[in-house]
Amino acid sequence: MPRLRTPREQLVDGAIEDLEALTASNRRLRASRSGPGQVRLTVGDASWPASVIAVDALSAREAQMLVASEGRGSKIIVANQISEEAKDVLAEHNRSLRVHGWSWLDRRGELQLNHPTTAGTLQFTGTKPGRRRASGDGSRLAGPSSDGPIRGRAGISCAAALLLHPDDPPSIRAIAREAQMSHGAIGEASKLLRSAGLVRPSGQPEVPDLFWGLAAVWAPTRVTPVAELPTDQIAERLRANAGGPAMAMIPGWCVAGDEAALAWGAPMFVAGSLPWVWVPTEIDARRAERQLAVATWDDCAAVVAVPPTALVT
């Protein structure tokens with residue numbers, strides 16, 4: 001049986017795909033996969049290998065910890081958002097180097113490739129490389145945002161976790177574990193929610209304000225119409241971990257939309273709506289798309305989507 005990749009390896013894989021997609025048509029800057037967790041970075045005539053580090057967000061403190069702990073060799077950080085203070089930390093460290101450099105991709109709109117002999121910067125529209133800002137049916141796709149109290153995947157995860165357990169709010173460490181994120185990122189998200197008055201001093205969510213705040217930013221990060229309905233056999237083949245309560249602690253596929261609301265007892269009926277299926281990661285989405293065949297919105301049997309937080313799956 002082939003070895004299953006860890007969530008961290010999947011994040012790095014997705015980061016490399018983003019780097020390749022962003023630089024595919026750029027003559028001056030280029031990033032191409034060169035091995036597991038490795039890319040070759042190119043600026044003009046200069047080319048060098050680098051290790052890829054994938055995180056959700058990077059603060060100055062976290063940047064200092066990375067610089068101190070990652071050892072020798074060039075690195076490139078890929079994140080949904082990197083604070084200006086963190087970039088200053090990396091830039092200052094680069095100025096002190098003679099052999100290696102720290103580069104970064106801030107998915108909000110900046111690629112910075114650094115090497116002691118050269119550097120290159122690419123500015124782009126603040127969406128994830130290769131992602132359409134609207135899905136084929138016109139619905140909104142989630143993108144990293146620095147506006148408002150609920151910011152990025154960390155903010156959405158923190159808000160969702162509190163709303164799931166309003167009477168017994170989970171700790172920051174518990175949310176980070178369930179959302180598969182760093183303790184620091186969830187801690188910063190929690191501070192923003194508290195300062196905006198969306199979380200009470202007791203740690204409980206301010207309902208319904210937090211609910212409507214989350215609803216305003218909630219959207220999938222990837223949406224694809226597919227030609228086939230996923231069957232139990234296909235789910236087993238793709239290791240979807242969709243086996244009900246026995247799989248409750250394992251990330252897996254789950255039904256969304258009207259069918260899910262009906263199953264939970266919502267006062268509604270379903271009349272010909274498309275089944276939506278959440279899958280844990282974009283890697284899972286691409287595998288499902290290959291198996292179920294991508295279709296048009298006018299001719300699809302179901303929709304495969306990646307949620308804005310791992311808490312969904």
# chains A, B, ... in the order shown; residues from 1 in each chain; ligands from 1

$ select_by_dssp --residues "segment 81-234 of chain A" --states "strand (DSSP E)" --output "ChimeraX atom specification"
/A:81-82,102-106,110-115,118-123,222-226

$ residues_around --residues "segment 40-57 of chain A" --least-positions-apart "6" --cutoff "9 Å" --atoms "only C-alpha atoms" --output "ChimeraX atom specification"
/A:8-9,11-16,27-34,73-83,101-103,106,113-115,117-120,152-154,181-182,185

$ residues_around --residues "Leu311 of chain A" --least-positions-apart "4" --cutoff "9 Å" --atoms "only C-alpha atoms" --output "number ranges by chain"
A: 157, 160-161, 175, 178-180, 251, 307

$ residues_around --residues "Ser171 of chain A" --least-positions-apart "4" --cutoff "12 Å" --atoms "only C-alpha atoms" --output "PDB file with all heavy atoms, in the first residue's frame"
ATOM      1  N   CYS A 158     -11.635  29.883  14.052  1.00  0.00           N
ATOM      2  CA  CYS A 158     -11.883  30.264  15.440  1.00  0.00           C
ATOM      3  C   CYS A 158     -13.365  30.580  15.650  1.00  0.00           C
ATOM      4  O   CYS A 158     -13.989  30.114  16.609  1.00  0.00           O
ATOM      5  CB  CYS A 158     -11.023  31.471  15.798  1.00  0.00           C
ATOM      6  SG  CYS A 158     -10.988  31.858  17.560  1.00  0.00           S
ATOM      7  N   ALA A 161     -15.497  27.332  15.428  1.00  0.00           N
ATOM      8  CA  ALA A 161     -15.335  26.458  16.599  1.00  0.00           C
ATOM      9  C   ALA A 161     -16.132  26.975  17.792  1.00  0.00           C
ATOM     10  O   ALA A 161     -16.754  26.201  18.526  1.00  0.00           O
ATOM     11  CB  ALA A 161     -13.860  26.348  16.959  1.00  0.00           C
ATOM     12  N   LEU A 162     -16.138  28.293  17.985  1.00  0.00           N
ATOM     13  CA  LEU A 162     -16.897  28.863  19.102  1.00  0.00           C
ATOM     14  C   LEU A 162     -18.398  28.708  18.890  1.00  0.00           C
ATOM     15  O   LEU A 162     -19.146  28.447  19.833  1.00  0.00           O
ATOM     16  CB  LEU A 162     -16.537  30.344  19.264  1.00  0.00           C
ATOM     17  CG  LEU A 162     -15.102  30.632  19.693  1.00  0.00           C
ATOM     18  CD1 LEU A 162     -14.837  32.122  19.709  1.00  0.00           C
ATOM     19  CD2 LEU A 162     -14.807  30.020  21.057  1.00  0.00           C
ATOM     20  N   HIS A 165     -19.653  25.210  19.715  1.00  0.00           N
ATOM     21  CA  HIS A 165     -19.714  24.882  21.148  1.00  0.00           C
ATOM     22  C   HIS A 165     -19.925  26.165  21.954  1.00  0.00           C
ATOM     23  O   HIS A 165     -19.056  26.562  22.743  1.00  0.00           O
ATOM     24  CB  HIS A 165     -18.426  24.183  21.587  1.00  0.00           C
ATOM     25  CG  HIS A 165     -18.073  22.983  20.757  1.00  0.00           C
ATOM     26  ND1 HIS A 165     -18.690  21.759  20.920  1.00  0.00           N
ATOM     27  CD2 HIS A 165     -17.196  22.830  19.734  1.00  0.00           C
ATOM     28  CE1 HIS A 165     -18.191  20.901  20.047  1.00  0.00           C
ATOM     29  NE2 HIS A 165     -17.294  21.519  19.312  1.00  0.00           N
ATOM     30  N   ILE A 175      -8.756  24.401  19.416  1.00  0.00           N
ATOM     31  CA  ILE A 175      -9.177  24.873  18.089  1.00  0.00           C
ATOM     32  C   ILE A 175      -8.051  24.685  17.082  1.00  0.00           C
ATOM     33  O   ILE A 175      -8.270  24.234  15.956  1.00  0.00           O
ATOM     34  CB  ILE A 175      -9.607  26.352  18.148  1.00  0.00           C
ATOM     35  CG1 ILE A 175     -10.824  26.518  19.051  1.00  0.00           C
ATOM     36  CG2 ILE A 175      -9.923  26.871  16.739  1.00  0.00           C
ATOM     37  CD1 ILE A 175     -11.208  27.970  19.292  1.00  0.00           C
ATOM     38  N   ALA A 176      -6.834  25.031  17.488  1.00  0.00           N
ATOM     39  CA  ALA A 176      -5.679  24.896  16.580  1.00  0.00           C
ATOM     40  C   ALA A 176      -5.491  23.440  16.165  1.00  0.00           C
ATOM     41  O   ALA A 176      -5.204  23.154  14.995  1.00  0.00           O
ATOM     42  CB  ALA A 176      -4.422  25.424  17.269  1.00  0.00           C
ATOM     43  N   ARG A 177      -5.664  22.530  17.112  1.00  0.00           N
ATOM     44  CA  ARG A 177      -5.507  21.104  16.803  1.00  0.00           C
ATOM     45  C   ARG A 177      -6.572  20.643  15.817  1.00  0.00           C
ATOM     46  O   ARG A 177      -6.278  19.967  14.840  1.00  0.00           O
ATOM     47  CB  ARG A 177      -5.564  20.295  18.095  1.00  0.00           C
ATOM     48  CG  ARG A 177      -5.340  18.797  17.886  1.00  0.00           C
ATOM     49  CD  ARG A 177      -5.243  18.060  19.202  1.00  0.00           C
ATOM     50  NE  ARG A 177      -6.451  18.193  20.005  1.00  0.00           N
ATOM     51  CZ  ARG A 177      -6.539  18.931  21.116  1.00  0.00           C
ATOM     52  NH1 ARG A 177      -5.489  19.587  21.563  1.00  0.00           N
ATOM     53  NH2 ARG A 177      -7.676  19.009  21.800  1.00  0.00           N
ATOM     54  N   GLU A 178      -7.833  21.002  16.062  1.00  0.00           N
ATOM     55  CA  GLU A 178      -8.924  20.565  15.190  1.00  0.00           C
ATOM     56  C   GLU A 178      -8.848  21.224  13.817  1.00  0.00           C
ATOM     57  O   GLU A 178      -9.183  20.615  12.799  1.00  0.00           O
ATOM     58  CB  GLU A 178     -10.274  20.889  15.845  1.00  0.00           C
ATOM     59  CG  GLU A 178     -10.572  20.075  17.084  1.00  0.00           C
ATOM     60  CD  GLU A 178     -10.705  18.587  16.776  1.00  0.00           C
ATOM     61  OE1 GLU A 178     -11.253  18.248  15.715  1.00  0.00           O
ATOM     62  OE2 GLU A 178     -10.240  17.776  17.588  1.00  0.00           O
ATOM     63  N   HIS A 183      -0.933  27.296  16.915  1.00  0.00           N
ATOM     64  CA  HIS A 183      -1.499  27.915  18.115  1.00  0.00           C
ATOM     65  C   HIS A 183      -1.431  29.435  18.002  1.00  0.00           C
ATOM     66  O   HIS A 183      -2.372  30.154  18.387  1.00  0.00           O
ATOM     67  CB  HIS A 183      -0.730  27.420  19.334  1.00  0.00           C
ATOM     68  CG  HIS A 183      -1.201  27.993  20.630  1.00  0.00           C
ATOM     69  ND1 HIS A 183      -0.717  29.169  21.147  1.00  0.00           N
ATOM     70  CD2 HIS A 183      -2.127  27.552  21.522  1.00  0.00           C
ATOM     71  CE1 HIS A 183      -1.312  29.428  22.293  1.00  0.00           C
ATOM     72  NE2 HIS A 183      -2.172  28.453  22.557  1.00  0.00           N
ATOM     73  N   ILE A 186      -4.264  30.938  15.623  1.00  0.00           N
ATOM     74  CA  ILE A 186      -5.579  30.923  16.256  1.00  0.00           C
ATOM     75  C   ILE A 186      -5.632  31.933  17.402  1.00  0.00           C
ATOM     76  O   ILE A 186      -6.653  32.598  17.618  1.00  0.00           O
ATOM     77  CB  ILE A 186      -5.922  29.514  16.775  1.00  0.00           C
ATOM     78  CG1 ILE A 186      -6.013  28.526  15.599  1.00  0.00           C
ATOM     79  CG2 ILE A 186      -7.227  29.521  17.549  1.00  0.00           C
ATOM     80  CD1 ILE A 186      -7.090  28.842  14.589  1.00  0.00           C
ATOM     81  N   GLY A 187      -4.520  32.080  18.121  1.00  0.00           N
ATOM     82  CA  GLY A 187      -4.474  33.059  19.207  1.00  0.00           C
ATOM     83  C   GLY A 187      -4.679  34.480  18.704  1.00  0.00           C
ATOM     84  O   GLY A 187      -5.422  35.264  19.309  1.00  0.00           O
ATOM     85  N   SER A 190      -8.307  34.935  17.754  1.00  0.00           N
ATOM     86  CA  SER A 190      -9.141  35.088  18.938  1.00  0.00           C
ATOM     87  C   SER A 190      -9.083  36.510  19.484  1.00  0.00           C
ATOM     88  O   SER A 190     -10.110  37.084  19.892  1.00  0.00           O
ATOM     89  CB  SER A 190      -8.699  34.086  20.009  1.00  0.00           C
ATOM     90  OG  SER A 190      -9.445  34.251  21.195  1.00  0.00           O
ATOM     91  N   SER A 202     -16.128  35.947  28.917  1.00  0.00           N
ATOM     92  CA  SER A 202     -16.170  34.554  29.370  1.00  0.00           C
ATOM     93  C   SER A 202     -15.620  33.584  28.331  1.00  0.00           C
ATOM     94  O   SER A 202     -15.421  32.403  28.619  1.00  0.00           O
ATOM     95  CB  SER A 202     -17.614  34.159  29.683  1.00  0.00           C
ATOM     96  OG  SER A 202     -18.412  34.189  28.495  1.00  0.00           O
ATOM     97  N   GLY A 203     -15.381  34.081  27.098  1.00  0.00           N
ATOM     98  CA  GLY A 203     -14.922  33.214  26.020  1.00  0.00           C
ATOM     99  C   GLY A 203     -16.048  32.691  25.156  1.00  0.00           C
ATOM    100  O   GLY A 203     -15.803  32.052  24.123  1.00  0.00           O
ATOM    101  N   GLN A 204     -17.294  32.947  25.550  1.00  0.00           N
ATOM    102  CA  GLN A 204     -18.439  32.488  24.774  1.00  0.00           C
ATOM    103  C   GLN A 204     -18.703  33.422  23.595  1.00  0.00           C
ATOM    104  O   GLN A 204     -18.444  34.627  23.679  1.00  0.00           O
ATOM    105  CB  GLN A 204     -19.680  32.401  25.665  1.00  0.00           C
ATOM    106  CG  GLN A 204     -19.577  31.349  26.751  1.00  0.00           C
ATOM    107  CD  GLN A 204     -20.786  31.368  27.669  1.00  0.00           C
ATOM    108  OE1 GLN A 204     -21.128  32.403  28.236  1.00  0.00           O
ATOM    109  NE2 GLN A 204     -21.433  30.222  27.804  1.00  0.00           N
TER     110      GLN A 204
END
